[in-house]
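Everything below belongs to coords00.cif, which stores mmCIF, C-alpha atoms.
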```cif
data_protein
#
loop_
_atom_site.group_PDB
_atom_site.id
_atom_site.type_symbol
_atom_site.label_atom_id
_atom_site.label_comp_id
_atom_site.auth_asym_id
_atom_site.auth_seq_id
_atom_site.Cartn_x
_atom_site.Cartn_y
_atom_site.Cartn_z
ATOM 1 C CA MET A 29 44.906 -41.527 48.771
ATOM 2 C CA SER A 30 43.957 -40.579 52.316
ATOM 3 C CA GLY A 31 45.446 -38.175 54.828
ATOM 4 C CA LYS A 32 46.638 -34.633 54.416
ATOM 5 C CA LEU A 33 47.579 -33.369 50.977
ATOM 6 C CA SER A 34 50.629 -31.255 50.218
ATOM 7 C CA ASN A 35 51.109 -28.531 47.613
ATOM 8 C CA LYS A 36 53.540 -30.832 45.833
ATOM 9 C CA THR A 37 50.965 -33.652 45.643
ATOM 10 C CA CYS A 38 48.248 -31.283 44.349
ATOM 11 C CA LYS A 39 50.509 -29.827 41.702
ATOM 12 C CA ALA A 40 51.733 -33.217 40.440
ATOM 13 C CA ALA A 41 48.326 -34.954 40.478
ATOM 14 C CA SER A 42 46.782 -36.055 37.184
ATOM 15 C CA ALA A 43 43.755 -38.204 36.331
ATOM 16 C CA GLU A 44 45.191 -40.301 33.457
ATOM 17 C CA GLY A 45 42.018 -41.332 31.663
ATOM 18 C CA LYS A 46 39.400 -41.216 34.411
ATOM 19 C CA ALA A 47 38.361 -38.824 37.168
ATOM 20 C CA LYS A 48 40.225 -39.100 40.449
ATOM 21 C CA LYS A 49 39.761 -37.781 44.001
ATOM 22 C CA LEU A 50 42.564 -36.927 46.408
ATOM 23 C CA SER A 51 41.325 -36.631 49.993
ATOM 24 C CA ASP A 52 42.603 -34.049 52.444
ATOM 25 C CA GLY A 53 40.374 -35.204 55.299
ATOM 26 C CA GLY A 54 37.327 -33.656 56.893
ATOM 27 C CA GLY A 55 35.292 -34.357 53.755
ATOM 28 C CA MET A 56 37.472 -32.164 51.519
ATOM 29 C CA PHE A 57 39.067 -33.521 48.379
ATOM 30 C CA LEU A 58 40.687 -32.438 45.147
ATOM 31 C CA HIS A 59 38.637 -33.696 42.188
ATOM 32 C CA ILE A 60 40.823 -34.178 39.101
ATOM 33 C CA THR A 61 39.147 -34.574 35.714
ATOM 34 C CA PRO A 62 40.590 -36.534 32.780
ATOM 35 C CA LYS A 63 41.092 -33.225 30.945
ATOM 36 C CA GLY A 64 43.300 -31.951 33.758
ATOM 37 C CA GLY A 65 40.885 -29.702 35.678
ATOM 38 C CA LYS A 66 41.403 -29.669 39.444
ATOM 39 C CA TYR A 67 38.513 -28.686 41.682
ATOM 40 C CA TRP A 68 38.249 -28.430 45.456
ATOM 41 C CA ARG A 69 35.100 -30.071 46.828
ATOM 42 C CA LEU A 70 33.678 -30.638 50.293
ATOM 43 C CA LYS A 71 31.388 -33.582 50.939
ATOM 44 C CA TYR A 72 29.090 -33.039 53.928
ATOM 45 C CA ARG A 73 25.706 -33.976 55.333
ATOM 46 C CA PHE A 74 22.884 -31.550 55.990
ATOM 47 C CA ASN A 75 19.406 -32.632 57.142
ATOM 48 C CA LYS A 76 20.462 -36.259 56.630
ATOM 49 C CA LYS A 77 21.303 -35.619 52.968
ATOM 50 C CA GLU A 78 24.753 -35.912 51.466
ATOM 51 C CA LYS A 79 25.800 -32.737 49.675
ATOM 52 C CA LEU A 80 28.794 -31.416 47.784
ATOM 53 C CA LEU A 81 30.160 -27.884 48.088
ATOM 54 C CA ALA A 82 32.449 -26.313 45.480
ATOM 55 C CA LEU A 83 35.396 -24.601 47.175
ATOM 56 C CA GLY A 84 37.222 -23.379 44.076
ATOM 57 C CA VAL A 85 39.589 -24.312 41.276
ATOM 58 C CA TYR A 86 43.176 -25.341 41.956
ATOM 59 C CA PRO A 87 45.678 -23.596 41.734
ATOM 60 C CA ARG A 88 43.651 -20.359 41.843
ATOM 61 C CA VAL A 89 42.414 -21.554 45.233
ATOM 62 C CA THR A 90 45.436 -22.904 47.044
ATOM 63 C CA LEU A 91 45.443 -25.870 49.408
ATOM 64 C CA LYS A 92 45.670 -23.474 52.357
ATOM 65 C CA GLU A 93 42.718 -21.390 51.102
ATOM 66 C CA ALA A 94 40.643 -24.526 50.477
ATOM 67 C CA ARG A 95 41.297 -25.662 54.056
ATOM 68 C CA ILE A 96 40.173 -22.254 55.349
ATOM 69 C CA LYS A 97 36.985 -22.541 53.276
ATOM 70 C CA ARG A 98 36.416 -26.080 54.627
ATOM 71 C CA GLU A 99 36.670 -24.828 58.209
ATOM 72 C CA ALA A 100 34.316 -21.921 57.478
ATOM 73 C CA ALA A 101 31.789 -24.370 55.991
ATOM 74 C CA LYS A 102 32.092 -26.609 59.060
ATOM 75 C CA LYS A 103 31.403 -23.605 61.310
ATOM 76 C CA LEU A 104 28.250 -22.879 59.316
ATOM 77 C CA LEU A 105 27.178 -26.506 59.713
ATOM 78 C CA ASP A 106 27.743 -26.228 63.471
ATOM 79 C CA GLN A 107 25.347 -23.255 63.445
ATOM 80 C CA GLY A 108 22.730 -25.238 61.513
ATOM 81 C CA ILE A 109 23.358 -23.394 58.229
ATOM 82 C CA ASP A 110 23.748 -25.231 54.928
ATOM 83 C CA PRO A 111 27.019 -23.979 53.361
ATOM 84 C CA SER A 112 25.683 -24.511 49.813
ATOM 85 C CA GLU A 113 22.653 -22.353 50.555
ATOM 86 C CA GLN A 114 24.848 -19.723 52.197
ATOM 87 C CA GLN A 115 27.115 -19.692 49.129
ATOM 88 C CA ARG A 116 24.070 -19.347 46.847
ATOM 89 C CA ARG A 117 22.736 -16.438 48.945
ATOM 90 C CA GLU A 118 26.107 -14.679 48.856
ATOM 91 C CA LYS A 119 26.321 -15.029 45.061
ATOM 92 C CA LEU A 120 22.785 -13.681 44.727
ATOM 93 C CA GLN A 121 23.663 -10.751 47.003
ATOM 94 C CA GLN A 122 26.777 -9.997 44.912
ATOM 95 C CA GLN A 123 24.632 -10.079 41.763
ATOM 96 C CA ILE A 124 22.125 -7.665 43.310
ATOM 97 C CA VAL A 125 24.941 -5.314 44.350
ATOM 98 C CA TYR A 126 26.405 -5.461 40.833
ATOM 99 C CA GLU A 127 23.036 -4.862 39.157
ATOM 100 C CA ASN A 128 22.349 -1.933 41.476
ATOM 101 C CA SER A 129 25.728 -0.302 41.007
ATOM 102 C CA PHE A 130 25.718 3.376 40.132
ATOM 103 C CA GLU A 131 27.147 2.567 36.705
ATOM 104 C CA ASN A 132 24.512 -0.050 35.854
ATOM 105 C CA VAL A 133 21.638 2.171 36.990
ATOM 106 C CA ALA A 134 23.131 5.092 35.040
ATOM 107 C CA ARG A 135 23.495 2.985 31.896
ATOM 108 C CA GLU A 136 19.916 1.780 32.252
ATOM 109 C CA TRP A 137 18.745 5.391 32.697
ATOM 110 C CA HIS A 138 20.756 6.386 29.618
ATOM 111 C CA LYS A 139 19.215 3.533 27.610
ATOM 112 C CA GLN A 140 15.693 4.654 28.636
ATOM 113 C CA LYS A 141 16.362 8.289 27.716
ATOM 114 C CA ILE A 142 18.479 7.873 24.574
ATOM 115 C CA HIS A 143 15.508 7.962 22.176
ATOM 116 C CA THR A 144 14.574 11.436 23.476
ATOM 117 C CA TRP A 145 18.022 12.927 22.775
ATOM 118 C CA LYS A 146 19.982 13.733 19.654
ATOM 119 C CA PRO A 147 22.719 11.134 19.042
ATOM 120 C CA ASP A 148 25.611 13.512 19.735
ATOM 121 C CA HIS A 149 23.973 14.708 22.983
ATOM 122 C CA ALA A 150 23.445 11.111 24.121
ATOM 123 C CA ALA A 151 27.073 10.262 23.338
ATOM 124 C CA ASN A 152 28.285 13.350 25.251
ATOM 125 C CA ILE A 153 26.281 12.423 28.336
ATOM 126 C CA MET A 154 27.730 8.902 28.359
ATOM 127 C CA LYS A 155 31.265 10.228 27.836
ATOM 128 C CA ARG A 156 30.827 12.606 30.783
ATOM 129 C CA LEU A 157 29.543 9.803 33.002
ATOM 130 C CA GLU A 158 32.371 7.469 31.984
ATOM 131 C CA ALA A 159 35.038 10.140 32.474
ATOM 132 C CA ASN A 160 33.802 11.818 35.650
ATOM 133 C CA LEU A 161 31.387 9.725 37.724
ATOM 134 C CA PHE A 162 32.033 6.064 36.900
ATOM 135 C CA PRO A 163 35.705 5.986 37.955
ATOM 136 C CA ASP A 164 34.860 7.015 41.541
ATOM 137 C CA LEU A 165 31.278 5.822 41.976
ATOM 138 C CA GLY A 166 30.485 3.366 39.186
ATOM 139 C CA LYS A 167 31.102 0.052 40.956
ATOM 140 C CA ARG A 168 29.401 1.059 44.207
ATOM 141 C CA PRO A 169 25.780 0.201 45.014
ATOM 142 C CA ILE A 170 23.794 3.320 44.209
ATOM 143 C CA ASN A 171 21.992 3.243 47.553
ATOM 144 C CA SER A 172 25.301 3.267 49.473
ATOM 145 C CA ILE A 173 26.618 6.519 47.940
ATOM 146 C CA LEU A 174 26.238 9.426 50.319
ATOM 147 C CA PRO A 175 25.294 12.871 48.937
ATOM 148 C CA GLN A 176 28.614 14.225 50.242
ATOM 149 C CA GLU A 177 30.508 11.600 48.196
ATOM 150 C CA LEU A 178 28.671 12.573 45.014
ATOM 151 C CA LEU A 179 29.299 16.222 45.787
ATOM 152 C CA ALA A 180 33.016 15.549 46.287
ATOM 153 C CA VAL A 181 33.234 13.988 42.813
ATOM 154 C CA ILE A 182 31.348 16.945 41.301
ATOM 155 C CA ARG A 183 33.667 19.353 43.138
ATOM 156 C CA LYS A 184 36.687 17.684 41.509
ATOM 157 C CA VAL A 185 35.193 18.632 38.134
ATOM 158 C CA GLU A 186 34.571 22.180 39.388
ATOM 159 C CA LYS A 187 38.179 22.527 40.594
ATOM 160 C CA CYS A 188 39.342 21.794 37.057
ATOM 161 C CA GLY A 189 37.519 24.986 36.040
ATOM 162 C CA SER A 190 34.558 23.249 34.412
ATOM 163 C CA ILE A 191 31.643 24.830 36.254
ATOM 164 C CA THR A 192 29.178 24.128 33.422
ATOM 165 C CA LEU A 193 30.305 20.508 33.187
ATOM 166 C CA ALA A 194 29.977 20.110 36.972
ATOM 167 C CA HIS A 195 26.431 21.512 36.790
ATOM 168 C CA ARG A 196 25.535 19.077 33.977
ATOM 169 C CA MET A 197 27.040 16.172 35.924
ATOM 170 C CA MET A 198 24.909 17.077 38.950
ATOM 171 C CA GLN A 199 21.807 17.252 36.747
ATOM 172 C CA SER A 200 22.565 13.825 35.284
ATOM 173 C CA ALA A 201 23.256 12.352 38.726
ATOM 174 C CA ASN A 202 19.948 13.736 40.047
ATOM 175 C CA GLN A 203 18.077 12.187 37.109
ATOM 176 C CA ILE A 204 19.872 8.860 37.603
ATOM 177 C CA TYR A 205 18.866 8.816 41.274
ATOM 178 C CA ARG A 206 15.258 9.687 40.439
ATOM 179 C CA PHE A 207 15.305 6.897 37.846
ATOM 180 C CA GLY A 208 16.695 4.475 40.466
ATOM 181 C CA ILE A 209 13.989 5.311 43.003
ATOM 182 C CA SER A 210 11.118 3.788 41.001
ATOM 183 C CA PRO A 211 12.461 0.193 41.046
ATOM 184 C CA GLY A 212 13.587 0.737 44.646
ATOM 185 C CA VAL A 213 17.350 0.549 44.112
ATOM 186 C CA ALA A 214 18.137 4.153 45.096
#
```
Output the structure of this file as structure tokens.
Amino acid sequence: MSGKLSNKTCKAASAEGKAKKLSDGGGMFLHITPKGGKYWRLKYRFNKKEKLLALGVYPRVTLKEARIKREAAKKLLDQGIDPSEQQRREKLQQQIVYENSFENVAREWHKQKIHTWKPDHAANIMKRLEANLFPDLGKRPINSILPQELLAVIRKVEKCGSITLAHRMMQSANQIYRFGISPGVA
């Protein structure tokens, strides 16, 4: 099938025994597997080599979204950038951000220190982190958290009347940051 696809065509398409491709033009097609999987792909050339870029899984990535991704990839090609390499770099960057999140660094710090603490103390520290710091700061890259942001989270604990807890949270946060400095993430 050639020409532009429609949502109706994508939804109704099936492979019936062998893989099938439905073209949308501009090198983009919907690859349908015999087991019923539907995958958006973009065939393109870079440095005289034919390449294939994964654009997503249908219907999670709609026809409209796949077309937007195709155009973005074409713009990269116009700039002399390989879209597959760009996609790989972005995934790697997301992985680095995830690994260097406040929560991951804190859990790694906790794992390094746990053998020096009594079990109930170690459990209390993790509970405090999970209840007070992770909800606001956990998913963020540790090196992007400003001191004022950390202080604001600690102040929320203080406002609840838990001055001692706020002090302990600040101590833990300071240790987590010191721990994160050595590998260069904080």
For this session: Could you tell me which of A:Thr61, A:Asn152, A:Gly108, A:Gly45 comes closest to A:Asn75 if we count only C-alpha atoms?
Result: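 The shortest atom-to-atom distance to A:Asn75 comes from A:Gly108.
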Problem set entry | Best match for closeness to A:Ile124 among A:Asn160, A:Ser34, A:Ser51, A:Asn171, counting only C-alpha atoms |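 Between A:Asn160, A:Ser34, A:Ser51, A:Asn171, the residue approaching A:Ile124 most closely is A:Asn171.
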For this session: Evaluate the PyMOL selection byres ((chain A and resi 131) around 9) on the structure here and hand back the selected residues as a list in words.
Result: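 That expression, the PyMOL selection byres ((chain A and resi 131) around 9), corresponds here to Glu127, Asn128, Ser129, Phe130, Asn132, Val133, Ala134, Arg135, Glu136, Leu157, Glu158, Leu161, Phe162, Leu165, Gly166, Lys167, Arg168, Pro169 and Ile170 of chain A.
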Problem set entry | Residue list as a list in words for point (41.5, -25.0, 36.8), cut-off 10 Å, only C-alpha atoms |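 Selection result: Ile60, Thr61, Gly64, Gly65, Lys66, Tyr67, Trp68, Gly84, Val85, Tyr86, Pro87, Arg88 and Val89 of chain A.
You can rank A:Leu193, A:Leu178, A:Met154, A:Ile109 by their closest distance to A:Lys141 using only C-alpha atoms, and at the top of that list sits A:Met154.
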For this session: Measuring atom to atom with all atoms listed in the file, identify which of A:Arg73, A:Trp137, A:Arg183, A:Ala151 is nearest to A:Asn202.
Result: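 Closest to A:Asn202 of all the choices is A:Trp137.
The coordinates place atom CA of A:Tyr126 at 28.5 Å from atom CA of A:Lys102.
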For this session: Please identify all polymer residues lying at most 12 Å from the point (37.8, 15.6, 42.5) (file coordinates), using only C-alpha atoms, and present the result as a list in words.
Result: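 All residues meeting the 12 Å criterion around (37.8, 15.6, 42.5) are Ala159, Asn160, Leu161, Pro163, Asp164, Leu165, Glu177, Leu178, Leu179, Ala180, Val181, Ile182, Arg183, Lys184, Val185, Glu186, Lys187, Cys188, Gly189, Ser190 and Ala194 of chain A.
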Missing atoms in stretch 167-181 of chain A should be modelled up to N, CA and C atoms and reported as a PDB file, in the coordinates of the input.
```pdb
ATOM      1  N   LYS A 167      31.209   1.432  40.465  1.00  0.00           N
ATOM      2  CA  LYS A 167      31.102   0.052  40.956  1.00  0.00           C
ATOM      3  C   LYS A 167      30.329  -0.051  42.274  1.00  0.00           C
ATOM      4  N   ARG A 168      30.067   1.070  42.900  1.00  0.00           N
ATOM      5  CA  ARG A 168      29.401   1.059  44.207  1.00  0.00           C
ATOM      6  C   ARG A 168      27.897   0.921  44.063  1.00  0.00           C
ATOM      7  N   PRO A 169      27.249   0.254  45.028  1.00  0.00           N
ATOM      8  CA  PRO A 169      25.780   0.201  45.014  1.00  0.00           C
ATOM      9  C   PRO A 169      25.239   1.621  45.118  1.00  0.00           C
ATOM     10  N   ILE A 170      24.291   1.937  44.281  1.00  0.00           N
ATOM     11  CA  ILE A 170      23.794   3.320  44.209  1.00  0.00           C
ATOM     12  C   ILE A 170      23.219   3.768  45.546  1.00  0.00           C
ATOM     13  N   ASN A 171      22.602   2.845  46.281  1.00  0.00           N
ATOM     14  CA  ASN A 171      21.992   3.243  47.553  1.00  0.00           C
ATOM     15  C   ASN A 171      23.007   3.401  48.682  1.00  0.00           C
ATOM     16  N   SER A 172      24.288   3.104  48.432  1.00  0.00           N
ATOM     17  CA  SER A 172      25.301   3.267  49.473  1.00  0.00           C
ATOM     18  C   SER A 172      26.103   4.560  49.297  1.00  0.00           C
ATOM     19  N   ILE A 173      25.858   5.291  48.213  1.00  0.00           N
ATOM     20  CA  ILE A 173      26.618   6.519  47.940  1.00  0.00           C
ATOM     21  C   ILE A 173      25.966   7.678  48.680  1.00  0.00           C
ATOM     22  N   LEU A 174      26.742   8.284  49.545  1.00  0.00           N
ATOM     23  CA  LEU A 174      26.238   9.426  50.319  1.00  0.00           C
ATOM     24  C   LEU A 174      26.247  10.687  49.455  1.00  0.00           C
ATOM     25  N   PRO A 175      25.317  11.623  49.712  1.00  0.00           N
ATOM     26  CA  PRO A 175      25.294  12.871  48.937  1.00  0.00           C
ATOM     27  C   PRO A 175      26.639  13.605  48.979  1.00  0.00           C
ATOM     28  N   GLN A 176      27.326  13.554  50.123  1.00  0.00           N
ATOM     29  CA  GLN A 176      28.614  14.225  50.242  1.00  0.00           C
ATOM     30  C   GLN A 176      29.646  13.607  49.305  1.00  0.00           C
ATOM     31  N   GLU A 177      29.568  12.282  49.098  1.00  0.00           N
ATOM     32  CA  GLU A 177      30.508  11.600  48.196  1.00  0.00           C
ATOM     33  C   GLU A 177      30.268  12.036  46.755  1.00  0.00           C
ATOM     34  N   LEU A 178      29.010  12.107  46.361  1.00  0.00           N
ATOM     35  CA  LEU A 178      28.671  12.573  45.014  1.00  0.00           C
ATOM     36  C   LEU A 178      29.141  14.013  44.839  1.00  0.00           C
ATOM     37  N   LEU A 179      28.895  14.825  45.844  1.00  0.00           N
ATOM     38  CA  LEU A 179      29.299  16.222  45.787  1.00  0.00           C
ATOM     39  C   LEU A 179      30.819  16.348  45.667  1.00  0.00           C
ATOM     40  N   ALA A 180      31.553  15.506  46.357  1.00  0.00           N
ATOM     41  CA  ALA A 180      33.016  15.549  46.287  1.00  0.00           C
ATOM     42  C   ALA A 180      33.504  15.253  44.868  1.00  0.00           C
ATOM     43  N   VAL A 181      32.859  14.318  44.197  1.00  0.00           N
ATOM     44  CA  VAL A 181      33.234  13.988  42.813  1.00  0.00           C
ATOM     45  C   VAL A 181      32.902  15.161  41.895  1.00  0.00           C
TER      46      VAL A 181
END
```
